[in-house]
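A.B. asks: Contents of target_20.cif (mmCIF, C-alpha atoms and all ligand atoms) are below:
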data_coords
#
loop_
_atom_site.label_atom_id
_atom_site.label_comp_id
_atom_site.auth_asym_id
_atom_site.auth_seq_id
_atom_site.Cartn_x
_atom_site.Cartn_y
_atom_site.Cartn_z
CA MET Y 1 -10.92 -27.75 -15.07
CA SER Y 2 -9.97 -30.82 -17.07
CA GLU Y 3 -11.57 -34.18 -16.55
CA HIS Y 4 -8.19 -35.38 -15.33
CA ASP Y 5 -8.51 -33.01 -12.38
CA CYS Y 6 -11.99 -34.21 -11.54
CA ASN Y 7 -11.18 -36.97 -9.10
CA ALA Y 8 -13.61 -37.81 -6.34
CA ILE Y 9 -12.17 -37.34 -2.87
CA GLU Y 10 -12.85 -39.86 -0.12
CA ILE Y 11 -13.94 -38.03 3.04
CA ALA Y 12 -14.88 -41.12 5.10
CA PRO Y 13 -14.84 -44.86 4.32
CA GLY Y 14 -17.10 -45.33 1.31
CA VAL Y 15 -18.10 -41.65 1.25
CA HIS Y 16 -16.79 -39.40 -1.52
CA TRP Y 17 -16.97 -35.71 -2.30
CA ILE Y 18 -18.15 -35.36 -5.90
CA GLY Y 19 -18.85 -31.64 -5.92
CA ALA Y 20 -17.48 -28.73 -7.92
CA LEU Y 21 -15.13 -25.81 -7.37
CA ASP Y 22 -16.07 -22.27 -8.42
CA PRO Y 23 -12.97 -20.26 -7.50
CA GLY Y 24 -13.82 -17.32 -9.78
CA LEU Y 25 -17.15 -16.39 -8.16
CA ARG Y 26 -17.04 -12.97 -6.46
CA SER Y 27 -20.71 -12.43 -5.65
CA PHE Y 28 -23.24 -15.06 -4.61
CA ASP Y 29 -27.00 -14.54 -4.99
CA MET Y 30 -26.16 -10.83 -5.38
CA ILE Y 31 -25.94 -10.43 -1.57
CA LEU Y 32 -22.76 -12.20 -0.53
CA ARG Y 33 -19.21 -11.28 -1.47
CA THR Y 34 -16.90 -14.22 -2.07
CA ALA Y 35 -13.21 -13.36 -1.79
CA ASN Y 36 -12.06 -16.66 -3.23
CA GLY Y 37 -15.18 -18.19 -4.73
CA THR Y 38 -17.23 -21.08 -3.45
CA THR Y 39 -17.75 -24.80 -3.75
CA TYR Y 40 -20.87 -26.76 -4.49
CA ASN Y 41 -20.46 -29.89 -2.40
CA ALA Y 42 -22.16 -33.11 -3.39
CA TYR Y 43 -21.47 -36.56 -2.01
CA ALA Y 44 -21.74 -40.24 -2.93
CA VAL Y 45 -22.31 -42.80 -0.19
CA ARG Y 46 -21.72 -46.45 -1.00
CA GLY Y 47 -23.54 -49.15 0.94
CA SER Y 48 -23.70 -52.91 0.47
CA ASP Y 49 -27.06 -52.42 -1.23
CA GLY Y 50 -26.39 -49.50 -3.56
CA VAL Y 51 -25.23 -45.91 -3.75
CA ALA Y 52 -26.84 -42.73 -2.48
CA ILE Y 53 -26.14 -39.32 -4.00
CA ILE Y 54 -26.55 -36.41 -1.63
CA ASP Y 55 -27.21 -33.11 -3.42
CA THR Y 56 -25.83 -32.09 -6.82
CA VAL Y 57 -24.19 -28.89 -8.12
CA LYS Y 58 -25.00 -25.70 -10.01
CA ALA Y 59 -25.98 -26.44 -13.60
CA GLU Y 60 -22.86 -25.08 -15.30
CA PHE Y 61 -20.71 -27.38 -13.15
CA ALA Y 62 -22.63 -30.54 -14.06
CA ASP Y 63 -19.79 -31.96 -16.17
CA GLU Y 64 -17.43 -31.72 -13.21
CA PHE Y 65 -19.99 -33.45 -10.98
CA PHE Y 66 -20.60 -36.31 -13.41
CA ALA Y 67 -16.87 -36.77 -14.01
CA ARG Y 68 -16.27 -37.14 -10.27
CA LEU Y 69 -19.28 -39.38 -9.86
CA ALA Y 70 -17.95 -41.67 -12.61
CA HIS Y 71 -14.83 -42.30 -10.51
CA VAL Y 72 -16.81 -43.85 -7.66
CA ALA Y 73 -20.05 -45.33 -8.96
CA ARG Y 74 -21.84 -46.60 -12.03
CA LEU Y 75 -25.10 -44.81 -12.74
CA GLU Y 76 -27.12 -48.04 -12.42
CA GLU Y 77 -25.82 -48.46 -8.86
CA ILE Y 78 -27.52 -45.27 -7.68
CA ARG Y 79 -30.51 -46.24 -5.54
CA VAL Y 80 -31.41 -42.93 -3.98
CA ILE Y 81 -30.85 -39.23 -4.56
CA VAL Y 82 -31.23 -37.16 -1.41
CA LEU Y 83 -31.92 -33.46 -1.81
CA ASN Y 84 -31.18 -31.59 1.38
CA HIS Y 85 -32.15 -28.31 -0.28
CA LEU Y 86 -33.68 -27.38 -3.64
CA GLU Y 87 -31.96 -24.07 -4.38
CA PRO Y 88 -30.47 -24.29 -7.90
CA ASP Y 89 -26.86 -24.17 -6.70
CA HIS Y 90 -27.53 -27.70 -5.40
CA THR Y 91 -30.08 -28.98 -7.90
CA GLY Y 92 -28.67 -27.67 -11.17
CA ALA Y 93 -27.43 -31.11 -12.21
CA LEU Y 94 -30.53 -32.91 -10.93
CA PRO Y 95 -32.52 -33.07 -14.20
CA GLU Y 96 -29.58 -34.65 -15.99
CA LEU Y 97 -28.93 -37.04 -13.08
CA LEU Y 98 -32.57 -38.15 -13.19
CA ARG Y 99 -32.21 -38.74 -16.92
CA ARG Y 100 -29.06 -40.80 -16.46
CA ALA Y 101 -30.23 -42.73 -13.38
CA PRO Y 102 -34.02 -43.06 -13.82
CA GLN Y 103 -34.18 -45.94 -11.35
CA ALA Y 104 -33.05 -43.77 -8.44
CA ARG Y 105 -35.57 -42.85 -5.76
CA LEU Y 106 -35.73 -39.13 -4.99
CA ILE Y 107 -35.83 -38.30 -1.28
CA ILE Y 108 -36.90 -34.85 -0.08
CA SER Y 109 -38.29 -33.19 3.03
CA LYS Y 110 -42.00 -32.84 3.72
CA ARG Y 111 -42.07 -29.18 2.63
CA ALA Y 112 -40.22 -29.78 -0.60
CA PRO Y 113 -42.66 -31.47 -3.06
CA ALA Y 114 -44.37 -28.32 -4.31
CA MET Y 115 -41.03 -26.57 -4.68
CA LEU Y 116 -39.60 -29.54 -6.54
CA LYS Y 117 -42.48 -29.44 -9.00
CA ALA Y 118 -41.91 -25.74 -9.53
CA LEU Y 119 -38.23 -26.42 -10.07
CA LEU Y 120 -38.49 -29.34 -12.50
CA LYS Y 121 -41.80 -28.41 -14.16
CA PRO Y 122 -42.64 -32.05 -14.96
CA THR Y 123 -45.00 -32.51 -17.89
CA ASP Y 124 -47.17 -34.90 -15.89
CA ASP Y 125 -48.05 -34.97 -12.20
CA ALA Y 126 -46.32 -38.26 -11.56
CA LEU Y 127 -43.12 -36.97 -10.03
CA ASP Y 128 -42.00 -39.96 -8.03
CA VAL Y 129 -40.58 -38.85 -4.70
CA GLU Y 130 -40.29 -40.15 -1.17
CA VAL Y 131 -41.01 -37.59 1.51
CA VAL Y 132 -39.16 -37.97 4.81
CA ASP Y 133 -39.32 -36.38 8.26
CA THR Y 134 -37.11 -36.35 11.34
CA GLY Y 135 -36.09 -39.86 12.34
CA ASP Y 136 -37.01 -41.54 9.06
CA GLU Y 137 -34.30 -43.76 7.64
CA VAL Y 138 -33.26 -45.19 4.30
CA SER Y 139 -31.14 -48.33 4.28
CA LEU Y 140 -28.24 -48.85 1.90
CA GLY Y 141 -27.73 -52.38 3.27
CA ASP Y 142 -24.90 -52.10 5.76
CA ARG Y 143 -25.44 -48.38 6.44
CA ARG Y 144 -28.36 -46.10 7.02
CA LEU Y 145 -29.24 -42.53 6.17
CA ARG Y 146 -31.35 -40.84 8.84
CA PHE Y 147 -33.10 -37.53 8.20
CA LEU Y 148 -33.46 -34.40 10.31
CA ASN Y 149 -36.16 -31.97 9.32
CA THR Y 150 -34.55 -28.51 9.67
CA PRO Y 151 -36.89 -26.07 7.90
CA TYR Y 152 -35.95 -22.46 7.10
CA LEU Y 153 -32.21 -23.04 7.11
CA HIS Y 154 -32.57 -21.12 4.97
CA TRP Y 155 -35.55 -22.21 2.82
CA PRO Y 156 -38.71 -24.05 3.95
CA ASP Y 157 -37.49 -27.28 2.34
CA THR Y 158 -34.12 -27.64 4.07
CA GLN Y 159 -33.15 -30.84 5.84
CA CYS Y 160 -29.99 -32.56 7.05
CA THR Y 161 -28.99 -36.16 6.44
CA TYR Y 162 -27.03 -38.25 8.93
CA LEU Y 163 -25.02 -41.32 7.97
CA VAL Y 164 -25.56 -43.29 11.14
CA GLU Y 165 -22.74 -45.82 11.07
CA GLN Y 166 -20.02 -43.29 10.12
CA GLN Y 167 -21.46 -40.42 12.21
CA VAL Y 168 -21.30 -38.10 9.21
CA LEU Y 169 -23.74 -35.19 8.99
CA PHE Y 170 -24.58 -33.92 5.50
CA SER Y 171 -25.83 -30.55 6.59
CA GLY Y 172 -26.79 -28.70 3.40
CA ASP Y 173 -26.22 -24.95 3.68
CA VAL Y 174 -26.03 -25.27 7.49
CA PHE Y 175 -22.39 -25.00 8.68
CA GLY Y 176 -21.43 -24.01 5.14
CA CYS Y 177 -19.59 -20.97 3.86
CA HIS Y 178 -18.40 -19.52 0.58
CA HIS Y 179 -14.76 -20.45 0.67
CA CYS Y 180 -13.12 -22.28 -2.22
CA ASP Y 181 -9.91 -24.11 -1.52
CA LEU Y 182 -8.63 -27.20 -3.33
CA ARG Y 183 -7.38 -28.60 -0.05
CA LEU Y 184 -11.03 -29.13 0.88
CA PHE Y 185 -10.74 -30.11 4.58
CA ASN Y 186 -10.97 -27.59 7.42
CA ASP Y 187 -7.60 -28.60 8.86
CA ARG Y 188 -5.88 -28.01 5.50
CA VAL Y 189 -7.53 -24.99 3.86
CA GLY Y 190 -6.71 -21.33 4.47
CA GLU Y 191 -8.30 -19.32 7.25
CA PHE Y 192 -12.08 -19.33 6.84
CA ARG Y 193 -13.56 -18.49 10.23
CA PHE Y 194 -14.62 -15.06 8.96
CA SER Y 195 -16.32 -16.71 5.95
CA PHE Y 196 -18.18 -19.04 8.29
CA ASP Y 197 -19.48 -16.17 10.46
CA TYR Y 198 -20.19 -13.99 7.41
CA TYR Y 199 -22.24 -16.74 5.79
CA TYR Y 200 -24.17 -17.32 9.00
CA ALA Y 201 -24.83 -13.57 9.36
CA HIS Y 202 -26.24 -13.22 5.86
CA ILE Y 203 -27.96 -16.57 5.34
CA MET Y 204 -28.95 -18.08 8.69
CA ARG Y 205 -29.24 -15.15 11.08
CA PRO Y 206 -32.73 -14.12 9.92
CA PHE Y 207 -33.89 -17.62 10.93
CA LYS Y 208 -32.13 -17.97 14.26
CA SER Y 209 -35.10 -19.48 16.11
CA HIS Y 210 -35.10 -22.19 13.43
CA VAL Y 211 -31.34 -22.54 13.92
CA ARG Y 212 -31.94 -23.23 17.60
CA ASP Y 213 -34.64 -25.80 16.73
CA ALA Y 214 -32.23 -27.52 14.37
CA LEU Y 215 -29.46 -27.54 16.96
CA LYS Y 216 -31.73 -29.49 19.31
CA LEU Y 217 -31.65 -32.27 16.71
CA ILE Y 218 -27.98 -31.93 15.82
CA GLU Y 219 -26.31 -31.44 19.20
CA PRO Y 220 -27.11 -34.94 20.54
CA LEU Y 221 -25.58 -36.64 17.50
CA PRO Y 222 -22.14 -38.25 17.70
CA LEU Y 223 -20.16 -36.46 14.97
CA THR Y 224 -16.95 -37.50 13.30
CA LEU Y 225 -17.43 -35.19 10.33
CA ILE Y 226 -19.76 -32.49 9.02
CA ALA Y 227 -20.12 -32.36 5.24
CA PRO Y 228 -21.84 -29.08 4.33
CA ALA Y 229 -23.04 -28.01 0.88
CA HIS Y 230 -20.54 -25.13 0.59
CA GLY Y 231 -16.98 -24.63 1.72
CA PRO Y 232 -14.60 -26.76 3.76
CA ILE Y 233 -15.48 -30.23 4.98
CA LEU Y 234 -15.33 -30.11 8.76
CA ARG Y 235 -13.40 -33.15 9.94
CA GLU Y 236 -11.18 -31.58 12.60
CA ARG Y 237 -13.21 -30.91 15.74
CA PRO Y 238 -16.54 -30.72 13.93
CA ARG Y 239 -18.42 -29.99 17.12
CA ARG Y 240 -16.89 -26.56 17.48
CA TYR Y 241 -18.90 -25.45 14.43
CA VAL Y 242 -22.07 -26.66 16.12
CA THR Y 243 -21.01 -24.72 19.21
CA ARG Y 244 -20.41 -21.67 17.06
CA TYR Y 245 -23.95 -21.87 15.67
CA ARG Y 246 -25.23 -22.14 19.23
CA GLU Y 247 -23.28 -18.98 20.17
CA LEU Y 248 -24.38 -17.04 17.12
CA SER Y 249 -28.03 -18.00 17.43
CA SER Y 250 -28.24 -17.32 21.17
CA SER Y 251 -29.62 -14.07 22.45
CA GLY Y 252 -26.85 -11.49 22.60
CA GLU Y 253 -25.30 -13.34 19.69
CA GLY Y 254 -21.66 -14.15 19.42
CA PHE Y 255 -20.33 -11.85 16.75
CA ASP Y 256 -18.55 -9.80 19.40
CA ARG Y 257 -16.76 -12.92 20.61
CA PRO Y 258 -14.11 -14.32 18.31
CA PHE Y 259 -14.44 -17.77 16.87
CA GLU Y 260 -12.35 -20.05 19.05
CA ALA Y 261 -8.81 -19.68 17.76
CA ASN Y 262 -6.62 -21.96 19.83
CA ASP Y 263 -4.18 -24.36 18.20
CA GLN Y 264 -3.98 -22.22 15.07
CA PRO Y 265 -0.69 -22.48 13.16
CA ALA Y 266 1.20 -19.34 12.13
CA SER Y 267 -0.91 -17.45 9.63
CA LEU Y 268 0.09 -15.69 6.41
CA ILE Y 269 -2.70 -13.87 4.59
CA VAL Y 270 -2.18 -12.87 0.97
CA PHE Y 271 -4.51 -10.13 -0.31
CA TYR Y 272 -4.50 -9.11 -3.93
CA LEU Y 273 -6.32 -7.45 -6.79
CA SER Y 274 -5.64 -7.94 -10.44
CA ALA Y 275 -6.56 -6.01 -13.55
CA TYR Y 276 -5.70 -8.61 -16.19
CA GLY Y 277 -4.79 -11.69 -14.15
CA SER Y 278 -1.04 -11.20 -13.83
CA THR Y 279 -1.13 -10.20 -10.16
CA THR Y 280 -3.54 -13.09 -9.55
CA ARG Y 281 -0.97 -15.50 -10.96
CA MET Y 282 1.72 -13.89 -8.85
CA ALA Y 283 -0.46 -14.21 -5.73
CA GLU Y 284 -1.13 -17.89 -6.41
CA ALA Y 285 2.59 -18.52 -6.87
CA VAL Y 286 3.42 -16.62 -3.67
CA GLN Y 287 0.88 -18.77 -1.86
CA ALA Y 288 2.33 -21.97 -3.33
CA GLY Y 289 5.86 -20.96 -2.33
CA ALA Y 290 4.82 -20.15 1.23
CA GLU Y 291 2.88 -23.38 1.60
CA ALA Y 292 6.02 -25.35 0.83
CA VAL Y 293 7.30 -24.32 4.26
CA PRO Y 294 5.77 -26.53 6.98
CA GLY Y 295 3.95 -25.10 9.96
CA LEU Y 296 1.96 -22.33 8.28
CA ARG Y 297 -1.60 -21.66 7.34
CA VAL Y 298 -1.64 -19.62 4.13
CA SER Y 299 -4.82 -17.89 2.95
CA LEU Y 300 -5.44 -16.14 -0.36
CA TYR Y 301 -8.10 -13.47 -0.88
CA ASP Y 302 -9.12 -11.35 -3.84
CA LEU Y 303 -10.21 -7.99 -2.41
CA GLU Y 304 -12.45 -7.47 -5.41
CA GLY Y 305 -14.75 -10.07 -3.89
CA SER Y 306 -14.84 -8.88 -0.33
CA GLU Y 307 -15.75 -6.24 2.15
CA ILE Y 308 -13.01 -5.14 4.51
CA ALA Y 309 -14.63 -5.41 7.92
CA PRO Y 310 -14.66 -9.22 8.12
CA PHE Y 311 -10.88 -9.29 7.66
CA ILE Y 312 -9.89 -6.95 10.48
CA ASP Y 313 -9.93 -9.59 13.23
CA LEU Y 314 -8.04 -12.05 11.05
CA ILE Y 315 -5.41 -9.45 10.23
CA GLU Y 316 -4.96 -8.71 13.91
CA GLU Y 317 -4.42 -12.43 14.57
CA ALA Y 318 -2.19 -13.04 11.54
CA ASP Y 319 1.57 -13.28 11.75
CA ALA Y 320 2.26 -11.96 8.27
CA LEU Y 321 0.42 -10.09 5.52
CA ALA Y 322 1.32 -9.86 1.85
CA PHE Y 323 -0.38 -7.41 -0.51
CA GLY Y 324 -0.47 -7.76 -4.27
CA SER Y 325 -1.50 -4.78 -6.40
CA PRO Y 326 -1.07 -3.75 -9.99
CA THR Y 327 0.16 -0.22 -10.57
CA VAL Y 328 -2.55 2.01 -12.02
CA ASN Y 329 -1.79 5.66 -12.71
CA GLY Y 330 1.38 5.41 -10.65
CA ASP Y 331 -0.38 4.09 -7.55
CA ALA Y 332 -1.66 0.95 -5.88
CA VAL Y 333 -5.35 0.35 -6.48
CA LYS Y 334 -8.01 1.79 -4.19
CA PRO Y 335 -9.20 -1.41 -2.41
CA ILE Y 336 -5.62 -1.98 -1.21
CA TRP Y 337 -5.49 1.53 0.23
CA ASP Y 338 -8.98 1.10 1.68
CA LEU Y 339 -7.75 -1.94 3.57
CA LEU Y 340 -4.44 -0.44 4.61
CA SER Y 341 -6.14 2.69 5.86
CA SER Y 342 -8.59 0.64 7.94
CA LEU Y 343 -5.95 -0.89 10.18
CA GLY Y 344 -5.25 2.05 12.44
CA GLY Y 345 -7.37 0.55 15.21
CA ILE Y 346 -5.30 -2.60 15.59
CA SER Y 347 -1.66 -3.16 16.37
CA LEU Y 348 0.44 -4.55 13.56
CA ARG Y 349 3.75 -3.79 15.23
CA GLY Y 350 6.29 -6.50 14.50
CA LYS Y 351 4.16 -8.49 12.08
CA ILE Y 352 5.80 -9.32 8.78
CA GLY Y 353 4.61 -7.44 5.71
CA ALA Y 354 5.36 -7.85 2.02
CA ALA Y 355 4.25 -6.41 -1.29
CA PHE Y 356 4.20 -7.58 -4.88
CA GLY Y 357 2.46 -6.80 -8.12
CA SER Y 358 2.46 -6.59 -11.88
CA TYR Y 359 2.81 -3.27 -13.68
CA GLY Y 360 2.78 -1.80 -17.18
CA TRP Y 361 5.63 0.70 -17.28
CA SER Y 362 6.36 2.19 -13.85
CA GLY Y 363 5.51 -0.12 -10.92
CA GLU Y 364 5.21 2.33 -8.04
CA ALA Y 365 2.54 0.32 -6.20
CA VAL Y 366 4.97 -2.11 -4.57
CA PRO Y 367 7.30 0.40 -2.88
CA MET Y 368 4.31 2.57 -1.89
CA ILE Y 369 2.68 -0.39 -0.13
CA GLU Y 370 5.96 -1.25 1.55
CA ASP Y 371 6.22 2.32 2.87
CA ARG Y 372 2.73 2.04 4.31
CA LEU Y 373 3.57 -1.30 5.95
CA ARG Y 374 6.62 0.23 7.60
CA GLY Y 375 4.45 3.14 8.66
CA LEU Y 376 2.21 0.62 10.39
CA LYS Y 377 5.31 -0.60 12.28
CA MET Y 378 5.43 -3.86 10.39
CA ARG Y 379 8.69 -5.55 9.47
CA VAL Y 380 9.39 -5.89 5.75
CA PRO Y 381 12.23 -8.43 5.67
CA VAL Y 382 11.74 -9.53 2.05
CA SER Y 383 12.04 -6.80 -0.54
CA GLY Y 384 9.03 -6.34 -2.77
CA LEU Y 385 8.57 -8.23 -5.98
CA ARG Y 386 7.26 -6.59 -9.12
CA LEU Y 387 7.21 -7.74 -12.70
CA GLN Y 388 6.18 -6.25 -15.97
CA LEU Y 389 2.90 -7.35 -17.55
CA THR Y 390 2.54 -11.10 -18.07
CA PRO Y 391 4.63 -13.35 -15.79
CA THR Y 392 7.00 -15.79 -17.42
CA ALA Y 393 7.73 -19.22 -15.97
CA ALA Y 394 10.97 -17.87 -14.49
CA GLU Y 395 9.15 -14.95 -12.93
CA LEU Y 396 6.56 -17.26 -11.38
CA ASP Y 397 9.47 -19.25 -9.95
CA ALA Y 398 10.67 -15.99 -8.41
CA CYS Y 399 7.19 -15.46 -6.96
CA ARG Y 400 7.30 -18.90 -5.37
CA ALA Y 401 10.73 -18.11 -3.95
CA PHE Y 402 9.35 -14.81 -2.65
CA GLY Y 403 6.52 -16.67 -0.87
CA ARG Y 404 8.94 -19.19 0.55
CA GLN Y 405 11.18 -16.42 1.88
CA ILE Y 406 8.26 -14.74 3.63
CA ALA Y 407 7.33 -18.08 5.20
CA GLU Y 408 10.91 -18.72 6.27
CA ALA Y 409 11.09 -15.28 7.83
CA MET Y 410 7.92 -16.15 9.77
CA THR Y 411 9.15 -19.51 10.97
CA GLY Y 412 12.74 -18.42 11.55
CA THR Y 413 13.97 -21.11 9.18
CA SER Y 414 15.52 -18.80 6.60
CA ASN Y 415 19.01 -19.86 5.59
CA THR Y 416 19.43 -17.14 3.03
CA SER Y 417 19.66 -13.43 3.52
CA VAL Y 418 16.33 -11.70 3.02
CA SER Y 419 17.59 -8.32 4.04
CA ALA Y 420 16.82 -5.12 2.21
CA GLU Y 421 19.79 -5.68 -0.10
CA ARG Y 422 18.14 -8.75 -1.57
CA VAL Y 423 15.92 -7.35 -4.30
CA ILE Y 424 14.03 -9.62 -6.62
CA ASP Y 425 12.78 -6.96 -8.92
CA PHE Y 426 12.26 -7.62 -12.57
CA ALA Y 427 11.58 -3.93 -13.13
CA GLU Y 428 15.21 -3.25 -12.45
CA LEU Y 429 16.34 -6.13 -14.64
CA SER Y 430 14.49 -4.68 -17.60
CA PRO Y 431 16.54 -2.82 -20.20
FE1 LIG N 501 -26.48 -23.15 -1.20
FE2 LIG N 501 -29.38 -22.11 -0.28
O1 LIG N 501 -28.24 -22.81 -1.48
#
Starting from the coordinates I provided, produce the structure as structure tokens.
C.D. replies:
Amino acid sequence: MSEHDCNAIEIAPGVHWIGALDPGLRSFDMILRTANGTTYNAYAVRGSDGVAIIDTVKAEFADEFFARLAHVARLEEIRVIVLNHLEPDHTGALPELLRRAPQARLIISKRAPAMLKALLKPTDDALDVEVVDTGDEVSLGDRRLRFLNTPYLHWPDTQCTYLVEQQVLFSGDVFGCHHCDLRLFNDRVGEFRFSFDYYYAHIMRPFKSHVRDALKLIEPLPLTLIAPAHGPILRERPRRYVTRYRELSSSGEGFDRPFEANDQPASLIVFYLSAYGSTTRMAEAVQAGAEAVPGLRVSLYDLEGSEIAPFIDLIEEADALAFGSPTVNGDAVKPIWDLLSSLGGISLRGKIGAAFGSYGWSGEAVPMIEDRLRGLKMRVPVSGLRLQLTPTAAELDACRAFGRQIAEAMTGTSNTSVSAERVIDFAELSP
């Protein structure tokens, strides 16, 4: 990502996201699959009496973090650095930040000092920190940061930080998920409810009594926005995520009950795998083309980074599904078939389906997937799109048009024929 792309994003008056995007990650901490990567969210809060930094990013993304920080604050303005959690995905840039802003006060929870020493390995014992507990506050002049001690979510050190005047909760890993999407806000990104539940199940569920203790502190708070350390920023109806944690941490648990799904726009989910990146580029262009049509929520997932089970409910709720696969040995690749053969238990009748993919010399995957979609009683109103090896600019334009046509078929706004006679197939254009 170039420095030009590294703008800070204002999430509330005087509060900026200065984190980093890691769209290529497919496995986190070796236990979590990540179908479209993750984000490391860090924030800058400006008050009349200085700037607070809340969390940092994984070490290899430090340049991105400092570039975004430079857009919103000078280093000498930083008065405090709040660490909600010391795991290295949030403290990787801390040593460099301490070097660049040595005047800043470091604020951590009461269980964090020993861990911080182990993390930073200071050469002397004089690590200057301020330890805070529930209800303690730090003033930035015209605004205050108030702390909530929320241990074991999911390490002993974890805490949340509440910006009192703006009613913003910086929640650390709590309410986070591994979902990377440039659109950043929960009302703009692709579908991520399964990521939210999946993250809870793998990270927070072992500590559910601590989740319930934390909710006692969080539920009474007025909330205009939750700013977690991973994944989308929750500005639209933030309280429903608190409610979801209450459901999931209650006895009986809520995994058998779907995440509240009302008011959802029409949903197109694009699944893909790629051997050398060509089908990835096609998938991204299909997504971009579909997003140009208003009234849709378009989601993009790399099946290499995911298990299948979390997607089944989403697929059942979706209005359209597009599958991108390269052709390998005259066939679509196995994860695509694994997914398509797992859908027998849900009804797909009448949903829109589509297929696309890059190929070397034959390109059978696309028509084979289309046959399977028809076998599942789906409609395939836009003929499949396949192209040979590396996509050209014109072929990526065709991918965007393909995505737009799928979206128009979903919304009923198509003004061009997308019947079976309309074939956008570079294989057949080849000599
Ligand atoms: Fe995102 Fe527990 O670190």
A.B. asks: Residues within 9 Å of Y:Phe194, please, as a list of chain:residue names. Count all atoms listed in the file; anything in the same chain fewer than 5 positions from it doesn't count.
C.D. replies: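 The neighbour list is Y:Tyr199, Y:Phe259, Y:Pro310, Y:Phe311, Y:Asp313, Y:Leu314.
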A.B. asks: Rounded to one decimal, what separation in Å do you get between atom CA of Y:Asn84 and atom CA of Y:His71?
C.D. replies: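 About the pair atom CA of Y:Asn84 and atom CA of Y:His71: they are 22.9 Å apart.
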A.B. asks: Out of Y:Val51, Y:Ala229, Y:Ala101, Y:Ile312, which residue has the shortest atom-to-atom distance to ligand LIG 501 (chain N) when counting all atoms listed in the file?
C.D. replies: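 Nearest to ligand LIG 501 (chain N): Y:Ala229.
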A.B. asks: At a cut-off of 10 Å and counting all atoms listed in the file, what residues surround ligand LIG 501 (chain N)? Please answer as a PyMOL selection string.
C.D. replies: chain Y and resi 28-29+38-41+57-58+84-91+152-155+157-158+172-174+176-178+203-204+228-230
A.B. asks: Closest to Y:Ser109 among Y:Phe402, Y:Trp337, Y:Phe147, Y:Phe170, using all atoms listed in the file?
C.D. replies: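 Once distances to Y:Ser109 are computed over all atoms listed in the file, the minimum belongs to Y:Phe147.
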A.B. asks: What is the distance, in Å and to one decimal place, between atom CA of Y:Pro13 and atom CA of Y:Ile226?
C.D. replies: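 Spanning atom CA of Y:Pro13 to atom CA of Y:Ile226 is a straight-line distance of 14.1 Å.
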A.B. asks: Show me, as a list of chain:residue names, the residues that have an atom within 9 Å of Y:Gly135 when counting all atoms listed in the file, minus same-chain residues fewer than 6 positions from it.
C.D. replies: Y:Arg146, Y:Phe147, Y:Leu148, Y:Asn149
A.B. asks: Here is a test: counting only C-alpha atoms, which residue of Y:Ala114, Y:Leu340, Y:Ile31, Y:Ala20 is nearest to Y:Gly305?
C.D. replies: Y:Ile31
A.B. asks: So the first atom is atom CA of Y:Arg386 and the second is atom CA of Y:Ala283; what is the distance between them in Å, to one decimal place?
C.D. replies: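 So the answer is 11.4 Å.
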A.B. asks: Which residue out of Y:Ala320, Y:Leu140, Y:Val80, Y:Val333 has the minimum interatomic distance to Y:Met378 when all atoms listed in the file are used?
C.D. replies: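 Nearest to Y:Met378: Y:Ala320.
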A.B. asks: I'd like the neighbourhood of Y:Ala62 as JSON, numbers by chain, where a residue qualifies if any of its atoms comes within 9 Å (using all atoms listed in the file), though same-chain residues fewer than 5 positions away should be ignored.
C.D. replies: {"Y": [20, 56, 57, 67, 92, 93, 94, 96]}
A.B. asks: Kindly indicate which residue among Y:Phe175, Y:Phe255, Y:Phe323, Y:Tyr245 lies nearest to Y:Ile269, using all atoms listed in the file for the distances.
C.D. replies: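 Using all atoms listed in the file, Y:Ile269 sits closest to Y:Phe323.
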A.B. asks: Taking (2.0, -6.3, -11.7) in the file's coordinates, which residues come within 12 Å, counting all atoms listed in the file, written as number ranges by chain?
C.D. replies: Y: 272-283, 323-328, 330-333, 355-366, 384-391, 395-396, 399, 425-427
A.B. asks: Might you pull out every residue within 8 Å of Y:Ala104, with all atoms listed in the file counted and same-chain residues fewer than 2 positions away left off, and present them as a ChimeraX atom specification?
C.D. replies: /Y:78-81,98,101-102,106
A.B. asks: Considering all atoms listed in the file, return as number ranges by chain whatever protein or nucleic-acid residues lie within 12 Å of Y:Glu307, sequence-local ones (same chain, fewer than 6 positions apart) excluded.
C.D. replies: Y: 26-27, 31-35, 194-195, 198, 301, 335-336, 338-339, 342
A.B. asks: Could you check which residues have any atom within 10 Å of (-22.8, -45.0, -8.4), counting only C-alpha atoms with coordinates taken straight from the file, and then list them as a list in words?
C.D. replies: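 Residues with an atom at most 10 Å from (-22.8, -45.0, -8.4): Ala44, Val45, Arg46, Gly50, Val51, Ala52, Ile53, Leu69, Ala70, His71, Val72, Ala73, Arg74, Leu75, Glu76, Glu77, Ile78, Arg79, Val80 and Ala101 of chain Y.
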